[in-house]
Amino acid sequence: MSSLSPNKKAWQKFKKNYLALFALGYIAILCFLAFFSYVLAPDPTPNANEQFQKLAQRSPGFSIEMLQLKSSKEENSNFISYLFFGKERSYSLLAVDSVKEISDSVLKVYPYEGVEYTISSAELADSDLNNSMLTKTFYLGTDQLGRDILSRLLLGSRVSLMVGFFAVLISSSIGIFLGALAGFYRSWVDRIILWKMSIFWSIPTILLSMALYVSLKSYFSSSLWLIFIAIGLTMWVSMARIVRGQMMSYREIQFVEAAGSLGYSDFRIIFRHILPNLIGPIVVIMASSFANAILVESGLSFLGLGVQAPAPSWGGMLSEFKDFIGTDLSYLAVLPGFLIMSLVLAFNLVGNGLRDALDTKN
């Protein structure tokens, strides 16, 4: 019977760590919800920014009758665009207590917390009154602008996961490249890179991200891409330190010396012969960096330097609702805070599980 490959052995060990496996499943569910957030969200409009001023700060589970009225906006029928950017409704919604038919063409509307008035049936989204009425439920309540909290939390997950992915991609690319150069060539190359690492390591990540965000702001029209780059440029040190240390060990092994004696270029030796052996430590660092990137983005958004309104982000929502802590509406701040904490914890648990699974000594 043939022995299992190293990857299969690692997977078998990882599956036995039920906490890490549960965390991986939690991350997978959040990724699914983030990708299909506009499809799943009760409010599919761009940035989930549909506002009902009279329904501000309603408790979870609040339901209300809505009357659909004709609107000048055109609904986007392109599914791909809808999936990524949402869609405007082809009708407007009016919260009502009731609607009564006075005649075939005249209706009396009793708005929610408003003064009654009459409208023509031609103003309805559908000529049939029954088809123009719907019951809207705010499962997690509304904020101070009457926006659906559940929809904004779902869209906020996109920001956290996207920032984590792109920031880790940028920081890992820089860290692997510089760490490999420092560990392989040593000498003055190593000293210069170590000097840069010491400078970056001495500055708190959140402060350095803030400085880069402010200095690069004039070069980017999108605050989201600016966050990707600002965070990615501050987190490469951990990756560079690990790769440098591993590279210094591997460069003395016989297969590296054999590759050099065969005339292979340094680039080929580094990236085709040594780095594939460092996949385990690299993956573990990437998992922890993902958690760190989410925390940094939440901190920037909390300080008002992240994704700009009306786009939702968990850090921005936490900043927006921090004044409600200690009141009956404290859940508005607790929900995004819990999601930030749980996602960071999940990535750390997965990182610990990967570290144990990829440890060849156990």
# chains A, B, ... in the order shown; residues from 1 in each chain; ligands from 1
$ residues_around --residues "Pro281 in chain A" --least-positions-apart "3" --cutoff "8 Å" --atoms "only C-alpha atoms" --output "number ranges by chain"
A: 242, 278, 284-285, 355
$ residues_around --residues "Leu318 in chain A" --least-positions-apart "3" --cutoff "8 Å" --atoms "only C-alpha atoms" --output "JSON, numbers by chain"
{"A": [302, 314, 315, 321, 322, 332, 333, 334, 336, 337]}
$ residues_around --residues "Gly156 in chain A" --least-positions-apart "4" --cutoff "9 Å" --atoms "only C-alpha atoms" --output "list in words"
Ala34, Ser151, Arg152, Ser160, Leu161, Ala311, Pro312, Ser313, Trp314, Gly315, Gly316, Met317 and Pro336 of chain A
$ select_by_dssp --residues "range 53-176 of chain A" --states "strand (DSSP E)" --output "PyMOL selection string"
chain A and resi 62-70+91-101+106-111+117-120+133-138
$ residues_around --residues "range 263-267 of chain A" --least-positions-apart "3" --cutoff "10 Å" --atoms "only C-alpha atoms" --output "JSON, numbers by chain"
{"A": [180, 181, 184, 185, 256, 258, 259, 260, 270, 271, 272, 273]}
$ write_last_selection --atoms "C-alpha atoms" --output "PDB file, in the first residue's frame"
ATOM      1  CA  ALA A 180      14.332  35.381  -0.636  1.00  0.00           C
ATOM      2  CA  LEU A 181      16.902  37.911  -1.838  1.00  0.00           C
ATOM      3  CA  PHE A 184      20.022  33.774  -0.523  1.00  0.00           C
ATOM      4  CA  TYR A 185      22.565  36.515  -1.239  1.00  0.00           C
ATOM      5  CA  VAL A 256      20.904  23.764  -3.915  1.00  0.00           C
ATOM      6  CA  ALA A 258      24.031  20.734  -7.040  1.00  0.00           C
ATOM      7  CA  ALA A 259      21.668  23.059  -8.890  1.00  0.00           C
ATOM      8  CA  GLY A 260      24.325  25.788  -8.814  1.00  0.00           C
ATOM      9  CA  ILE A 270      15.336  30.485  -5.603  1.00  0.00           C
ATOM     10  CA  PHE A 271      11.897  30.307  -7.176  1.00  0.00           C
ATOM     11  CA  ARG A 272      11.824  26.774  -8.594  1.00  0.00           C
ATOM     12  CA  HIS A 273      13.941  24.767  -6.156  1.00  0.00           C
TER      13      HIS A 273
END
$ decode --residues "range 172-194 of chain A" --atoms "N, CA and C atoms" --output "short mmCIF file (atom, residue, chain, number, x, y, z; two decimals), in the first residue's frame"
data_model
loop_
_atom_site.label_atom_id
_atom_site.label_comp_id
_atom_site.auth_asym_id
_atom_site.auth_seq_id
_atom_site.Cartn_x
_atom_site.Cartn_y
_atom_site.Cartn_z
N SER A 172 2.47 39.59 0.70
CA SER A 172 3.17 38.32 0.53
C SER A 172 4.13 38.37 -0.66
N SER A 173 3.70 39.00 -1.73
CA SER A 173 4.58 39.12 -2.91
C SER A 173 5.85 39.90 -2.56
N ILE A 174 5.68 41.02 -1.86
CA ILE A 174 6.84 41.83 -1.46
C ILE A 174 7.71 41.06 -0.46
N GLY A 175 7.07 40.47 0.55
CA GLY A 175 7.81 39.77 1.59
C GLY A 175 8.58 38.57 1.07
N ILE A 176 7.96 37.78 0.22
CA ILE A 176 8.63 36.60 -0.34
C ILE A 176 9.82 37.02 -1.19
N PHE A 177 9.63 38.03 -2.02
CA PHE A 177 10.70 38.47 -2.91
C PHE A 177 11.89 39.02 -2.11
N LEU A 178 11.62 39.96 -1.19
CA LEU A 178 12.71 40.56 -0.43
C LEU A 178 13.34 39.56 0.54
N GLY A 179 12.53 38.72 1.16
CA GLY A 179 13.07 37.72 2.07
C GLY A 179 13.95 36.71 1.35
N ALA A 180 13.54 36.33 0.14
CA ALA A 180 14.33 35.38 -0.64
C ALA A 180 15.66 35.99 -1.04
N LEU A 181 15.65 37.24 -1.45
CA LEU A 181 16.90 37.91 -1.84
C LEU A 181 17.84 38.04 -0.63
N ALA A 182 17.29 38.45 0.51
CA ALA A 182 18.12 38.65 1.70
C ALA A 182 18.74 37.34 2.17
N GLY A 183 17.93 36.27 2.20
CA GLY A 183 18.44 35.00 2.70
C GLY A 183 19.37 34.28 1.75
N PHE A 184 19.19 34.49 0.46
CA PHE A 184 20.02 33.77 -0.52
C PHE A 184 21.36 34.47 -0.75
N TYR A 185 21.34 35.79 -0.89
CA TYR A 185 22.57 36.51 -1.24
C TYR A 185 23.36 36.96 0.00
N ARG A 186 22.66 37.13 1.16
CA ARG A 186 23.34 37.59 2.36
C ARG A 186 24.09 38.91 2.08
N SER A 187 25.26 39.09 2.66
CA SER A 187 26.14 40.22 2.40
C SER A 187 25.39 41.55 2.50
N TRP A 188 25.71 42.51 1.61
CA TRP A 188 25.13 43.85 1.66
C TRP A 188 23.66 43.85 1.30
N VAL A 189 23.24 42.89 0.47
CA VAL A 189 21.81 42.80 0.13
C VAL A 189 21.00 42.52 1.39
N ASP A 190 21.49 41.58 2.18
CA ASP A 190 20.82 41.22 3.43
C ASP A 190 20.79 42.40 4.39
N ARG A 191 21.88 43.12 4.50
CA ARG A 191 21.94 44.24 5.43
C ARG A 191 20.98 45.36 5.06
N ILE A 192 20.88 45.65 3.76
CA ILE A 192 19.96 46.71 3.31
C ILE A 192 18.50 46.32 3.59
N ILE A 193 18.15 45.08 3.25
CA ILE A 193 16.77 44.62 3.45
C ILE A 193 16.45 44.54 4.93
N LEU A 194 17.40 44.08 5.75
CA LEU A 194 17.18 44.03 7.19
C LEU A 194 16.98 45.42 7.76
#
